[in-house]
Each structure stands twice: as structure tokens, then as C-alpha cells.
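Participant: Contents of start.cif (mmCIF, C-alpha atoms) are given next:
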data_protein
#
loop_
_atom_site.label_atom_id
_atom_site.label_comp_id
_atom_site.auth_asym_id
_atom_site.auth_seq_id
_atom_site.Cartn_x
_atom_site.Cartn_y
_atom_site.Cartn_z
CA MET Q 1 -21.49 32.66 79.60
CA LYS Q 2 -18.40 30.50 79.78
CA ILE Q 3 -16.21 31.02 76.70
CA ILE Q 4 -13.73 28.46 75.38
CA GLU Q 5 -11.47 29.45 72.51
CA ASN Q 6 -9.29 27.21 70.39
CA LYS Q 7 -6.63 29.14 68.50
CA THR Q 8 -5.64 26.15 66.35
CA VAL Q 9 -9.01 26.05 64.56
CA LYS Q 10 -9.72 29.74 65.29
CA GLU Q 11 -13.14 29.10 66.83
CA LYS Q 12 -14.90 30.07 70.06
CA ALA Q 13 -17.69 28.25 71.86
CA TYR Q 14 -20.03 29.87 74.38
CA PHE Q 15 -21.58 27.69 77.09
CA GLU Q 16 -24.45 28.50 79.42
CA GLU Q 17 -26.70 26.38 81.62
CA LEU Q 18 -30.19 27.85 81.98
CA GLU Q 19 -32.29 27.76 85.14
CA SER Q 20 -34.27 24.88 83.64
CA GLY Q 21 -31.06 22.83 83.44
CA LEU Q 22 -30.81 23.03 79.62
CA LYS Q 23 -27.19 23.31 78.53
CA VAL Q 24 -26.72 25.65 75.55
CA ILE Q 25 -23.67 25.79 73.29
CA ILE Q 26 -23.29 28.60 70.75
CA ILE Q 27 -20.51 28.49 68.18
CA PRO Q 28 -20.50 31.81 66.26
CA LYS Q 29 -19.18 31.47 62.72
CA LYS Q 30 -18.79 34.80 61.00
CA ASP Q 31 -19.47 35.25 57.29
CA THR Q 32 -21.21 31.90 56.86
CA ASN Q 33 -24.64 31.62 55.26
CA LYS Q 34 -25.65 28.24 56.68
CA LYS Q 35 -27.09 28.07 60.20
CA MET Q 36 -27.98 25.06 62.31
CA ALA Q 37 -29.71 24.31 65.60
CA ILE Q 38 -29.76 20.83 67.10
CA ILE Q 39 -31.18 19.70 70.43
CA GLY Q 40 -30.37 16.29 71.85
CA THR Q 41 -31.53 14.26 74.82
CA LYS Q 42 -29.51 11.52 76.46
CA PHE Q 43 -32.18 8.93 75.77
CA GLY Q 44 -31.47 6.13 73.33
CA SER Q 45 -32.34 2.52 72.71
CA ILE Q 46 -30.10 1.29 75.56
CA ASP Q 47 -32.11 3.25 78.18
CA ASN Q 48 -34.90 0.75 78.77
CA HIS Q 49 -34.45 0.26 82.53
CA PHE Q 50 -34.17 3.11 85.04
CA ILE Q 51 -35.24 4.66 88.33
CA ASN Q 52 -37.86 7.34 87.71
CA PRO Q 53 -36.43 10.51 89.31
CA LYS Q 54 -39.91 11.75 90.30
CA THR Q 55 -41.51 8.59 91.71
CA LYS Q 56 -38.20 6.92 92.74
CA LYS Q 57 -39.64 3.68 91.37
CA GLU Q 58 -37.83 1.23 89.11
CA GLU Q 59 -39.24 1.09 85.58
CA LYS Q 60 -38.58 -1.24 82.66
CA ILE Q 61 -39.98 -0.15 79.30
CA PRO Q 62 -40.44 -2.00 75.97
CA ASP Q 63 -37.59 -1.90 73.47
CA GLY Q 64 -37.94 0.89 70.92
CA VAL Q 65 -39.56 3.61 73.07
CA ALA Q 66 -36.87 6.24 72.39
CA HIS Q 67 -37.30 5.77 68.63
CA PHE Q 68 -41.11 5.75 68.97
CA LEU Q 69 -40.99 9.06 70.86
CA GLU Q 70 -38.87 10.59 68.10
CA HIS Q 71 -41.52 9.63 65.54
CA LYS Q 72 -44.31 11.22 67.59
CA MET Q 73 -42.66 14.52 68.52
CA PHE Q 74 -43.63 16.38 65.32
CA GLU Q 75 -47.40 15.87 65.65
CA GLN Q 76 -49.13 18.82 67.37
CA GLU Q 77 -52.42 19.13 69.23
CA ASP Q 78 -53.82 21.64 66.73
CA GLY Q 79 -53.54 19.06 63.94
CA THR Q 80 -50.37 20.47 62.38
CA ASN Q 81 -47.12 18.61 61.86
CA SER Q 82 -43.98 20.54 62.82
CA LEU Q 83 -41.93 18.86 60.11
CA ASP Q 84 -44.35 20.28 57.52
CA THR Q 85 -44.18 23.69 59.23
CA LEU Q 86 -40.39 23.70 59.11
CA THR Q 87 -40.35 22.59 55.48
CA ALA Q 88 -42.69 25.49 54.64
CA PHE Q 89 -40.08 27.85 56.11
CA GLY Q 90 -37.63 26.50 53.53
CA VAL Q 91 -35.42 24.73 56.06
CA GLU Q 92 -34.07 21.19 56.05
CA ALA Q 93 -35.28 19.48 59.23
CA ASN Q 94 -35.19 15.97 60.64
CA ALA Q 95 -34.55 13.84 63.72
CA TYR Q 96 -32.76 10.62 64.58
CA THR Q 97 -32.39 8.09 67.39
CA THR Q 98 -29.19 6.23 68.25
CA ASN Q 99 -28.23 3.75 70.93
CA ASP Q 100 -27.53 6.49 73.46
CA HIS Q 101 -29.28 9.70 72.38
CA THR Q 102 -32.08 11.26 70.31
CA ALA Q 103 -31.72 14.54 68.42
CA TYR Q 104 -33.90 17.04 66.52
CA TYR Q 105 -32.40 19.59 64.17
CA PHE Q 106 -32.75 21.92 61.25
CA GLU Q 107 -30.33 23.77 58.99
CA THR Q 108 -31.10 26.77 56.85
CA ILE Q 109 -29.90 29.97 55.21
CA GLU Q 110 -33.09 31.97 55.76
CA ASN Q 111 -35.99 32.03 58.27
CA PHE Q 112 -33.78 30.87 61.13
CA GLU Q 113 -35.74 32.47 63.98
CA PRO Q 114 -39.23 31.18 63.08
CA ALA Q 115 -37.73 27.73 62.52
CA PHE Q 116 -35.85 27.92 65.82
CA LYS Q 117 -39.04 28.89 67.63
CA GLU Q 118 -40.86 25.93 66.06
CA LEU Q 119 -38.04 23.57 67.11
CA LEU Q 120 -38.25 24.72 70.74
CA ASN Q 121 -42.04 24.54 70.62
CA TYR Q 122 -42.51 21.01 69.34
CA VAL Q 123 -39.68 19.46 71.36
CA TYR Q 124 -41.19 20.80 74.58
CA HIS Q 125 -44.88 20.26 73.78
CA PRO Q 126 -45.60 16.55 73.20
CA TYR Q 127 -49.01 15.35 72.08
CA TYR Q 128 -49.94 11.68 72.31
CA THR Q 129 -53.37 10.09 72.08
CA ASP Q 130 -54.50 6.47 72.00
CA GLN Q 131 -55.41 6.95 68.33
CA ASN Q 132 -52.18 8.55 67.08
CA VAL Q 133 -50.04 6.07 69.02
CA GLU Q 134 -51.87 3.09 67.49
CA LYS Q 135 -51.53 4.62 64.03
CA GLU Q 136 -47.79 5.09 64.52
CA LYS Q 137 -47.31 1.45 65.44
CA GLY Q 138 -48.24 0.43 61.90
CA ILE Q 139 -45.75 2.91 60.43
CA ILE Q 140 -42.91 1.76 62.70
CA GLU Q 141 -43.72 -1.92 62.07
CA GLN Q 142 -43.15 -1.27 58.35
CA GLU Q 143 -39.87 0.50 59.16
CA ILE Q 144 -38.71 -2.45 61.30
CA LYS Q 145 -39.54 -4.89 58.50
CA MET Q 146 -37.72 -2.68 56.01
CA TYR Q 147 -34.55 -2.73 58.14
CA ASP Q 148 -34.91 -6.49 58.58
CA ASP Q 149 -34.61 -6.73 54.79
CA ASP Q 150 -31.68 -4.30 54.59
CA PRO Q 151 -28.32 -6.15 54.37
CA ILE Q 152 -26.29 -3.24 55.81
CA SER Q 153 -28.54 -2.86 58.87
CA LYS Q 154 -28.57 -6.61 59.36
CA VAL Q 155 -24.81 -7.12 59.14
CA PHE Q 156 -24.16 -4.38 61.73
CA LEU Q 157 -26.87 -5.56 64.15
CA ASN Q 158 -25.59 -9.14 63.89
CA ALA Q 159 -22.07 -7.86 64.64
CA LEU Q 160 -23.34 -6.31 67.87
CA LYS Q 161 -25.09 -9.57 68.77
CA CYS Q 162 -21.79 -11.38 68.29
CA MET Q 163 -19.82 -8.95 70.43
CA TYR Q 164 -22.27 -8.46 73.30
CA ASN Q 165 -23.96 -11.00 75.56
CA VAL Q 166 -26.57 -8.96 77.44
CA CYS Q 167 -25.76 -5.29 76.79
CA PRO Q 168 -28.86 -3.57 75.29
CA VAL Q 169 -26.75 -2.18 72.43
CA ARG Q 170 -27.40 -5.54 70.76
CA ILE Q 171 -31.11 -4.62 70.46
CA ASP Q 172 -32.33 -2.84 67.32
CA VAL Q 173 -32.87 0.90 67.93
CA ALA Q 174 -36.44 0.60 66.61
CA GLY Q 175 -37.20 -2.39 68.81
CA THR Q 176 -39.20 -5.33 67.45
CA VAL Q 177 -42.73 -5.66 66.11
CA GLU Q 178 -43.64 -7.41 69.37
CA SER Q 179 -42.06 -4.78 71.65
CA ILE Q 180 -43.61 -1.72 70.00
CA ARG Q 181 -47.07 -3.28 70.26
CA LYS Q 182 -46.69 -2.93 74.06
CA ILE Q 183 -46.14 0.85 73.84
CA ASN Q 184 -49.00 3.16 74.80
CA LYS Q 185 -49.45 6.90 75.38
CA ASP Q 186 -48.88 6.55 79.16
CA ILE Q 187 -45.46 4.95 78.57
CA LEU Q 188 -44.58 7.70 76.07
CA TYR Q 189 -45.59 10.53 78.43
CA ASP Q 190 -43.76 8.87 81.33
CA CYS Q 191 -40.53 8.53 79.32
CA TYR Q 192 -40.91 11.99 77.80
CA ASN Q 193 -41.32 13.61 81.24
CA THR Q 194 -38.28 11.70 82.51
CA PHE Q 195 -35.80 11.99 79.64
CA TYR Q 196 -36.92 15.20 77.91
CA HIS Q 197 -36.45 17.33 80.99
CA PRO Q 198 -34.08 20.19 79.97
CA SER Q 199 -31.50 19.02 82.53
CA ASN Q 200 -31.01 15.88 80.39
CA MET Q 201 -30.65 17.85 77.12
CA ILE Q 202 -28.09 19.82 75.10
CA LEU Q 203 -28.87 22.57 72.57
CA ALA Q 204 -26.14 23.52 70.09
CA VAL Q 205 -26.41 26.42 67.64
CA CYS Q 206 -23.87 27.39 64.97
CA GLY Q 207 -23.95 30.25 62.48
CA ASP Q 208 -23.38 33.98 62.10
CA PHE Q 209 -24.96 34.94 65.44
CA GLU Q 210 -24.34 37.07 68.51
CA PRO Q 211 -24.33 34.61 71.45
CA ASP Q 212 -26.35 36.91 73.72
CA HIS Q 213 -29.11 37.14 71.14
CA ILE Q 214 -29.41 33.34 70.91
CA ILE Q 215 -29.45 32.90 74.70
CA ASN Q 216 -32.15 35.55 75.11
CA PHE Q 217 -34.19 34.00 72.30
CA VAL Q 218 -34.05 30.58 73.99
CA LYS Q 219 -35.02 32.00 77.38
CA LYS Q 220 -37.93 33.88 75.84
CA ASN Q 221 -39.25 30.78 74.07
CA MET Q 222 -38.77 28.22 76.86
CA LYS Q 223 -41.40 27.45 79.45
CA GLU Q 224 -40.44 27.13 83.11
CA TYR Q 225 -39.45 23.78 84.57
CA GLN Q 226 -39.07 22.48 88.10
CA SER Q 227 -35.73 20.90 88.85
CA GLN Q 228 -35.32 17.14 88.41
CA ASP Q 229 -32.94 14.69 90.07
CA LYS Q 230 -30.42 12.78 88.01
CA ILE Q 231 -31.83 9.78 86.11
CA ASN Q 232 -30.38 6.52 87.44
CA ARG Q 233 -30.14 4.09 84.53
CA ILE Q 234 -29.92 0.35 85.18
CA TYR Q 235 -27.87 -1.81 82.81
CA PRO Q 236 -27.11 -5.54 82.93
CA GLU Q 237 -23.51 -6.44 83.70
CA GLU Q 238 -21.69 -7.28 80.47
CA LYS Q 239 -18.76 -9.69 80.69
CA PRO Q 240 -15.55 -8.91 78.74
CA GLU Q 241 -15.78 -11.98 76.50
CA ILE Q 242 -17.58 -11.89 73.16
CA CYS Q 243 -20.88 -13.75 72.73
CA LYS Q 244 -19.94 -15.69 69.58
CA LYS Q 245 -17.11 -15.62 67.05
CA GLU Q 246 -18.98 -15.59 63.74
CA ILE Q 247 -22.46 -15.23 62.31
CA GLU Q 248 -23.65 -15.54 58.71
CA GLU Q 249 -27.06 -14.69 57.30
CA LYS Q 250 -28.21 -15.19 53.72
CA MET Q 251 -30.02 -12.33 51.97
CA GLU Q 252 -30.57 -10.87 48.51
CA VAL Q 253 -27.13 -9.34 47.88
CA SER Q 254 -24.93 -9.30 44.79
CA ILE Q 255 -21.70 -9.31 46.82
CA PRO Q 256 -21.44 -10.42 50.47
CA ALA Q 257 -21.15 -7.65 53.06
CA PHE Q 258 -19.19 -8.11 56.27
CA VAL Q 259 -18.32 -6.44 59.56
CA ILE Q 260 -15.24 -7.26 61.57
CA GLY Q 261 -15.89 -6.22 65.16
CA ILE Q 262 -13.40 -5.78 68.00
CA LYS Q 263 -14.92 -5.60 71.48
CA ASP Q 264 -13.24 -3.18 73.88
CA ASN Q 265 -13.37 -2.46 77.60
CA VAL Q 266 -15.56 0.46 78.69
CA GLU Q 267 -13.32 3.23 80.03
CA THR Q 268 -14.18 6.76 81.10
CA THR Q 269 -10.75 8.35 81.52
CA ASP Q 270 -9.03 10.17 78.66
CA ILE Q 271 -11.60 8.87 76.18
CA VAL Q 272 -10.74 11.59 73.62
CA LYS Q 273 -7.11 10.49 73.37
CA LYS Q 274 -8.14 6.85 73.23
CA GLU Q 275 -10.61 7.51 70.41
CA LEU Q 276 -7.98 9.34 68.37
CA ILE Q 277 -5.41 6.57 68.91
CA LEU Q 278 -7.85 3.80 67.92
CA ASN Q 279 -8.78 5.69 64.76
CA ILE Q 280 -5.08 6.08 63.93
CA ILE Q 281 -4.50 2.34 64.44
CA LEU Q 282 -7.52 1.29 62.34
CA ASN Q 283 -6.36 3.53 59.51
CA CYS Q 284 -2.75 2.33 59.76
CA ILE Q 285 -3.94 -1.25 59.38
CA PHE Q 286 -6.73 -0.90 56.83
CA ASP Q 287 -7.04 2.48 55.06
CA GLU Q 288 -6.51 2.91 51.31
CA ASN Q 289 -2.74 3.38 51.76
CA SER Q 290 -2.20 0.33 53.96
CA LYS Q 291 -0.31 -2.76 52.86
CA LEU Q 292 -3.27 -5.02 53.74
CA PHE Q 293 -5.82 -3.05 51.73
CA LYS Q 294 -3.57 -2.86 48.66
CA GLU Q 295 -2.97 -6.63 48.72
CA LEU Q 296 -6.64 -7.52 49.15
CA TYR Q 297 -7.73 -4.98 46.53
CA GLU Q 298 -5.22 -6.26 43.95
CA GLU Q 299 -6.39 -9.84 44.62
CA GLY Q 300 -10.02 -8.81 44.08
CA LEU Q 301 -10.99 -9.59 47.66
CA LEU Q 302 -12.06 -5.99 48.34
CA ILE Q 303 -13.73 -3.62 45.91
CA SER Q 304 -13.49 -0.39 47.93
CA GLU Q 305 -11.88 1.06 51.05
CA PRO Q 306 -13.46 -0.31 54.26
CA GLY Q 307 -15.45 1.89 56.62
CA LEU Q 308 -13.55 2.18 59.91
CA GLU Q 309 -15.28 3.29 63.12
CA TYR Q 310 -14.89 3.37 66.87
CA GLU Q 311 -18.08 3.68 68.97
CA TYR Q 312 -18.48 4.03 72.71
CA SER Q 313 -20.86 5.01 75.49
CA ASP Q 314 -21.14 4.49 79.24
CA ILE Q 315 -21.82 0.76 78.72
CA TYR Q 316 -20.27 -0.32 75.39
CA SER Q 317 -17.08 0.20 73.42
CA HIS Q 318 -16.06 -1.41 70.15
CA MET Q 319 -14.43 -0.96 66.75
CA THR Q 320 -15.98 -1.99 63.43
CA ILE Q 321 -14.61 -2.52 59.93
CA PHE Q 322 -17.24 -2.69 57.19
CA ALA Q 323 -16.77 -3.68 53.54
CA SER Q 324 -17.93 -6.01 50.77
CA SER Q 325 -16.02 -9.05 49.58
CA LYS Q 326 -16.54 -12.27 47.66
CA ASN Q 327 -14.72 -14.04 50.49
CA PRO Q 328 -15.21 -12.29 53.87
CA LYS Q 329 -13.74 -15.20 55.85
CA GLU Q 330 -10.47 -14.92 53.93
CA VAL Q 331 -10.40 -11.16 54.57
CA PHE Q 332 -10.98 -11.82 58.30
CA LYS Q 333 -8.17 -14.40 58.34
CA ARG Q 334 -5.77 -11.99 56.61
CA PHE Q 335 -6.78 -9.14 58.91
CA LYS Q 336 -5.96 -11.19 62.00
CA GLU Q 337 -2.61 -12.23 60.50
CA GLU Q 338 -1.77 -8.60 59.69
CA VAL Q 339 -2.66 -7.45 63.20
CA LYS Q 340 -0.42 -10.14 64.72
CA GLN Q 341 2.47 -9.06 62.50
CA ILE Q 342 2.04 -5.36 63.25
CA ILE Q 343 1.85 -6.06 66.99
CA LYS Q 344 5.21 -7.86 66.69
CA THR Q 345 6.97 -5.13 64.72
CA GLY Q 346 5.01 -2.09 65.88
CA ILE Q 347 3.61 0.59 63.58
CA ASP Q 348 6.52 2.31 61.86
CA GLU Q 349 7.24 6.04 62.24
CA LYS Q 350 6.46 6.94 58.63
CA THR Q 351 3.03 5.25 58.67
CA PHE Q 352 2.26 6.76 62.07
CA ILE Q 353 3.03 10.33 60.97
CA ARG Q 354 1.08 9.98 57.71
CA THR Q 355 -1.98 8.57 59.43
CA LYS Q 356 -1.85 10.98 62.38
CA ASN Q 357 -1.79 13.90 59.94
CA LYS Q 358 -4.70 12.39 58.01
CA ILE Q 359 -6.81 12.23 61.19
CA TYR Q 360 -5.81 15.81 62.01
CA GLY Q 361 -6.92 16.93 58.54
CA ARG Q 362 -10.36 15.44 59.19
CA LEU Q 363 -10.59 17.23 62.55
CA VAL Q 364 -9.72 20.62 61.10
CA THR Q 365 -11.94 20.37 58.01
CA SER Q 366 -14.94 19.47 60.21
CA TYR Q 367 -14.87 23.11 61.37
CA ASN Q 368 -15.65 24.33 57.85
CA SER Q 369 -19.31 23.32 58.10
CA ALA Q 370 -21.76 25.01 60.52
CA PRO Q 371 -24.12 21.98 60.54
CA GLN Q 372 -21.26 19.60 61.26
CA ILE Q 373 -19.92 21.83 64.04
CA ALA Q 374 -23.29 22.02 65.80
CA ARG Q 375 -23.84 18.27 65.49
CA ILE Q 376 -20.46 17.23 66.89
CA PHE Q 377 -20.54 19.76 69.75
CA MET Q 378 -23.97 18.48 70.81
CA ARG Q 379 -22.97 14.82 70.58
CA ASP Q 380 -19.65 15.32 72.39
CA TYR Q 381 -21.17 17.42 75.18
CA LEU Q 382 -23.73 14.69 75.86
CA ASN Q 383 -20.65 12.55 76.60
CA ASN Q 384 -19.12 15.31 78.79
CA ILE Q 385 -16.54 16.15 76.13
CA ILE Q 386 -15.60 19.58 74.77
CA THR Q 387 -15.05 19.10 71.04
CA PHE Q 388 -11.95 21.32 71.01
CA ASP Q 389 -10.25 18.66 73.18
CA TYR Q 390 -9.74 16.48 70.11
CA VAL Q 391 -7.45 19.06 68.48
CA GLU Q 392 -5.44 19.49 71.67
CA LYS Q 393 -5.17 15.78 72.47
CA TRP Q 394 -4.01 15.08 68.92
CA LYS Q 395 -0.83 17.02 69.67
CA GLU Q 396 0.01 14.73 72.61
CA ILE Q 397 -0.18 11.39 70.80
CA THR Q 398 3.13 9.58 70.29
CA ILE Q 399 4.03 6.43 68.39
CA GLU Q 400 4.63 4.78 71.78
CA ASP Q 401 1.04 5.55 72.78
CA VAL Q 402 -0.23 4.01 69.55
CA ASN Q 403 1.78 0.80 69.81
CA THR Q 404 0.82 0.36 73.49
CA ILE Q 405 -2.91 0.60 72.69
CA LEU Q 406 -2.42 -1.67 69.66
CA ARG Q 407 -0.99 -4.42 71.87
CA ASP Q 408 -3.65 -3.92 74.53
CA LYS Q 409 -6.84 -3.62 72.46
CA PHE Q 410 -6.42 -5.82 69.38
CA ASP Q 411 -6.85 -9.21 71.01
CA GLU Q 412 -7.91 -11.90 68.51
CA GLU Q 413 -10.13 -13.50 71.17
CA ARG Q 414 -12.32 -10.36 71.14
CA MET Q 415 -12.66 -10.17 67.33
CA ILE Q 416 -15.84 -11.27 65.56
CA LEU Q 417 -17.06 -11.61 61.98
CA SER Q 418 -20.60 -10.85 60.80
CA VAL Q 419 -21.46 -11.75 57.18
CA VAL Q 420 -24.49 -11.27 54.98
CA SER Q 421 -24.00 -13.58 52.01
CA GLN Q 422 -25.89 -14.41 48.82
CA LYS Q 423 -28.96 -16.61 49.09
CA ASN Q 424 -28.21 -18.42 45.86
CA ASN Q 425 -24.59 -19.17 46.73
#
Would you kindly transcribe this structure into C-alpha cells?
Facilitator:
Amino acid sequence: MKIIENKTVKEKAYFEELESGLKVIIIPKKDTNKKMAIIGTKFGSIDNHFINPKTKKEEKIPDGVAHFLEHKMFEQEDGTNSLDTLTAFGVEANAYTTNDHTAYYFETIENFEPAFKELLNYVYHPYYTDQNVEKEKGIIEQEIKMYDDDPISKVFLNALKCMYNVCPVRIDVAGTVESIRKINKDILYDCYNTFYHPSNMILAVCGDFEPDHIINFVKKNMKEYQSQDKINRIYPEEKPEICKKEIEEKMEVSIPAFVIGIKDNVETTDIVKKELILNIILNCIFDENSKLFKELYEEGLLISEPGLEYEYSDIYSHMTIFASSKNPKEVFKRFKEEVKQIIKTGIDEKTFIRTKNKIYGRLVTSYNSAPQIARIFMRDYLNNIITFDYVEKWKEITIEDVNTILRDKFDEERMILSVVSQKNN
């Protein structure tokens, strides 16, 4: 096994690629009770057009297949449900689908090995029938309608629709009622056999383990697989410009919710450093200690600290600022004015050091939790990143780096505003 050690956070990670192509990461954490295993596949809502690596034919699938597959993975041929089995072991288990990956996990203090065996079993033994697929459509239709009525989901999805013209990130992860009605068991098996091949998956395990024991356990409980060529995904070409500047939708909310979005260029070099710098900039401008937040809070325009996030993949890259306000358009106006002013003067040394240390504190404390460690190692490795790189890259960042990225990335022409406001207003 390849071993990578980071002396700053005093952790080691063991990496091994099995004959099947499955990449395994083990992060031993001595003297911790909590254990976690998470397995992810690089198959999300954006992957709806691809070249099948077995048939070499181009395929386009309905929106929402990745999410539909996630729903169906727990049901077994013998009539059992693996989620019920895992719950009976006393573990906390679940799954989720994002724009660019799907993951299945459990965390526990006891009964790790039987739960781990069940995880490997259900993820690699799908069971779809005409009947259970039709039944699931009704369940997912209700979920889609529920998210359509959820102001937070709506304000974020509308923000993506403002930022992107044709990129599939603007499509709801669950798809639409119309798109999921086109899904059948043949589509599910086809996508499962393509994207759930071990060579397209990462398994991360964290807890008080011996790495060799975990590797041997995985090998013993994995069936054999023939090799598979790389999946060639097909994405529409997204232009740099935003789709539209603003969008407002009226819903049942007591206070309007808003998202300010900033569309970015997709870049693949030094993405770790870029992510850290953008998080530093967002926090310098709009965290609880910033001049802008204090002014807006004192004026009653904000009621809590905004959520600040940078998201990226192979085909999208953007920043979002989420909060609630009685006057989102005024907040957006003031945000743009503040950005212009900070670009002129640059972020000052004192604010830079404070914010950089704050981001570092978050990085270090994330290593206190076994579940969080496993989750971030899996997610990062799907993006060809070793999680330890964040700690090392943090040391390299200078105030000059931050002010250069600030001038380059915070273009007002690429900023959008999504608002969900009150129906009765």
C-alpha cells in the first residue's frame, strides 16, 4: 500500500488500488470509538450523456437516473432492504446523490464488520424489476414535488439556472416528473454496469483499524470484475457569460431567501490552492467579522451570517452566498459596491491573516471526526485530490495571491441574484 503521512495534522492515509480497479483509502485513527465506511461512484446528475465503454455507443439518458439508482440500491432480491439490515446492526446508514457523484455510507461504534459486509454486498448486487422501478417512480415524484415547494432548494436551483446556459448542473439532481417517467430497469442496469464498475469508485474507511485487515476484508468480500475502459462523458459547451442577471420566485416564506452567485472559469490546475483562496476572499468580504456583514446586520438587512461556498467539478465552477433578508436586492447592491471597493484597496494584511487562520482552524478540526475524515477523503479523491494537500497549500498562500484572484474572479458581469420572496408581498 502507498502511505502518505501529514505531520501537521498527525495523520496517515493508506492507498491501494485493487485488481478490480476499486481505489481504497484507509485512514487509521487510534483510540477513537466511531468508525465510518463510505463508497462513492463518479456518477451524478450531470452525467446524462456518455460513450458506453463496453458497446462504444453514444448514450443519452433521462435526467435523474443517478438519483433513481441511489434510491433502488438498498432493495435486495431476497425481499430484504439493506437499509433496514444496517439499522438492525445499530449503525447509522444512508446515501446521497450530488451533481457529480453518488455515495453510500454508514457510521457506527459497534458491529462494524457485518455492516461493512452488507455495504459491499448491496452496492455490488443491484436488483431491479419492472414492478419495483414503477413503484419507485411514485416515491421520487413525491420527493420532486416536495423540493419544488422548498424555498431553499428552489433559490439554489434558480441560482444555477441564472449562472449557467446549457451546463447540466442547472438540472435538478432528482430530475423532473416527466424525465423519471422515462426510466426503466434496462436503463438502470445499463447505467449501473457502466458507472458502478469498481474502476469508477472510491472506498474510504476511517477508524481504529489495521490497514491490512481492512484491505483483506474488502478483497474477501468483493466479487471479481473484468477490466473496463474509461467512461467518456459528453457535456455541452458552456459559454463564460451568465444566462441571466436576476430571478425572483414567490413562495410561502416569512422572510425572503436569496443566493448571490458568482460564475467562475473551470480550471484543473492547482485547484486546491484556488479553493482555499476563494474561501478566504468570501470570508474576508462577508463573514461575521466583516465590515459589510456588520453594517447590514445593524441595519436589519441580514438576520444571520451568510452561508459561503465554492463548488467545482470538471464542467462547472462557482461561488454562492446564501442568506435571508427583507431586501435582497439592496444586499446585492451593497455587496457589489463592497467588492468594487475592496478590489481598489486590496484586502488588508490584518484581515487576511485573521481569515487565513480561521480557514486553517476549520481544516485542522475536520480531522477530529472519523466520519468527516472518511467523507472528505472519498470526495477529494474522486476529484484526484489528496486531502492532506489542503493543509500544505494553506502554508503557501500570500496576500498577493488573494488580491490577484480577487481582481480576476469577482467580475460584476458574472454575478447573479436569485430570490424567493413572499407571496403576499
Participant: What is the atom CA of Q:Asn403 to atom CA of Q:Glu298 distance in Å?
Facilitator: 27.7 Å
Participant: So which residues get picked by the PyMOL selection byres ((chain Q and resi 269-285) around 8) here, written as a list in words?
Facilitator: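 Output from the PyMOL selection byres ((chain Q and resi 269-285) around 8), applied to this file: Glu267, Thr268, Phe286, Asp287, Ser290, Lys291, Leu292, Leu308, Glu309, Tyr310, Glu338, Val339, Ile347, Thr351, Phe352, Thr355, Lys356, Ile359, Ile385, Asp389, Tyr390, Lys393, Trp394, Ile397, Asp401, Val402, Ile405 and Leu406 of chain Q.
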Participant: Name all residues at most 12 Å from Q:Gly79 (count all atoms listed in the file; drop same-chain ones fewer than 4 positions away) and give them as a list of chain:residue names.
Facilitator: Q:Phe74, Q:Glu75, Q:Asp84, Q:Thr85, Q:Tyr127, Q:Tyr128, Q:Asn132
Participant: Any chance you could work out the residue set of the PyMOL selection byres ((chain Q and resi 16-18) around 12) here, as a PyMOL selection string?
Facilitator: chain Q and resi 1-4+13-15+19-27+198-204+211-212+214-216+218-220+222-225+227
Participant: Those same residues - C-alpha atoms - I'd like them written as a CSV table (one decimal), keeping the file's coordinate frame.
Facilitator:
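Contents of part.csv, as written:
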chain,number,residue,atom,x,y,z
Q,1,MET,CA,-21.5,32.7,79.6
Q,2,LYS,CA,-18.4,30.5,79.8
Q,3,ILE,CA,-16.2,31.0,76.7
Q,4,ILE,CA,-13.7,28.5,75.4
Q,13,ALA,CA,-17.7,28.2,71.9
Q,14,TYR,CA,-20.0,29.9,74.4
Q,15,PHE,CA,-21.6,27.7,77.1
Q,19,GLU,CA,-32.3,27.8,85.1
Q,20,SER,CA,-34.3,24.9,83.6
Q,21,GLY,CA,-31.1,22.8,83.4
Q,22,LEU,CA,-30.8,23.0,79.6
Q,23,LYS,CA,-27.2,23.3,78.5
Q,24,VAL,CA,-26.7,25.6,75.6
Q,25,ILE,CA,-23.7,25.8,73.3
Q,26,ILE,CA,-23.3,28.6,70.8
Q,27,ILE,CA,-20.5,28.5,68.2
Q,198,PRO,CA,-34.1,20.2,80.0
Q,199,SER,CA,-31.5,19.0,82.5
Q,200,ASN,CA,-31.0,15.9,80.4
Q,201,MET,CA,-30.6,17.8,77.1
Q,202,ILE,CA,-28.1,19.8,75.1
Q,203,LEU,CA,-28.9,22.6,72.6
Q,204,ALA,CA,-26.1,23.5,70.1
Q,211,PRO,CA,-24.3,34.6,71.4
Q,212,ASP,CA,-26.4,36.9,73.7
Q,214,ILE,CA,-29.4,33.3,70.9
Q,215,ILE,CA,-29.4,32.9,74.7
Q,216,ASN,CA,-32.2,35.6,75.1
Q,218,VAL,CA,-34.0,30.6,74.0
Q,219,LYS,CA,-35.0,32.0,77.4
Q,220,LYS,CA,-37.9,33.9,75.8
Q,222,MET,CA,-38.8,28.2,76.9
Q,223,LYS,CA,-41.4,27.4,79.4
Q,224,GLU,CA,-40.4,27.1,83.1
Q,225,TYR,CA,-39.4,23.8,84.6
Q,227,SER,CA,-35.7,20.9,88.8
Participant: Would you list the residues near (-24.6, -5.4, 76.6) (no more than 8 Å away, in the coordinates of the file, using all atoms listed in the file) as a ChimeraX atom specification?
Facilitator: /Q:164-170,235-238,315-316
Participant: So that I can see what lies close to Q:Lys137, please list as a tab-separated table (two decimals) with C-alpha atoms, in the frame of the given file the residues with an atom at most 12 Å from it, counting all atoms listed in the file and leaving out residues fewer than 3 positions away in the same chain.
Facilitator:
chain	number	residue	atom	x	y	z
Q	64	GLY	CA	-37.94	0.89	70.92
Q	65	VAL	CA	-39.56	3.61	73.07
Q	67	HIS	CA	-37.30	5.77	68.63
Q	68	PHE	CA	-41.11	5.75	68.97
Q	69	LEU	CA	-40.99	9.06	70.86
Q	71	HIS	CA	-41.52	9.63	65.54
Q	72	LYS	CA	-44.31	11.22	67.59
Q	130	ASP	CA	-54.50	6.47	72.00
Q	131	GLN	CA	-55.41	6.95	68.33
Q	132	ASN	CA	-52.18	8.55	67.08
Q	133	VAL	CA	-50.04	6.07	69.02
Q	134	GLU	CA	-51.87	3.09	67.49
Q	140	ILE	CA	-42.91	1.76	62.70
Q	141	GLU	CA	-43.72	-1.92	62.07
Q	142	GLN	CA	-43.15	-1.27	58.35
Q	143	GLU	CA	-39.87	0.50	59.16
Q	144	ILE	CA	-38.71	-2.45	61.30
Q	174	ALA	CA	-36.44	0.60	66.61
Q	175	GLY	CA	-37.20	-2.39	68.81
Q	176	THR	CA	-39.20	-5.33	67.45
Q	177	VAL	CA	-42.73	-5.66	66.11
Q	178	GLU	CA	-43.64	-7.41	69.37
Q	179	SER	CA	-42.06	-4.78	71.65
Q	180	ILE	CA	-43.61	-1.72	70.00
Q	181	ARG	CA	-47.07	-3.28	70.26
Q	182	LYS	CA	-46.69	-2.93	74.06
Q	183	ILE	CA	-46.14	0.85	73.84
Q	184	ASN	CA	-49.00	3.16	74.80
Q	185	LYS	CA	-49.45	6.90	75.38
Participant: Pick out the residues sitting within 8 Å of Q:Asp47, and hand them over as a PyMOL selection string; count all atoms listed in the file, and ignore anything fewer than 3 positions along from it in its own chain.
Facilitator: chain Q and resi 43-44+50+100+233-234
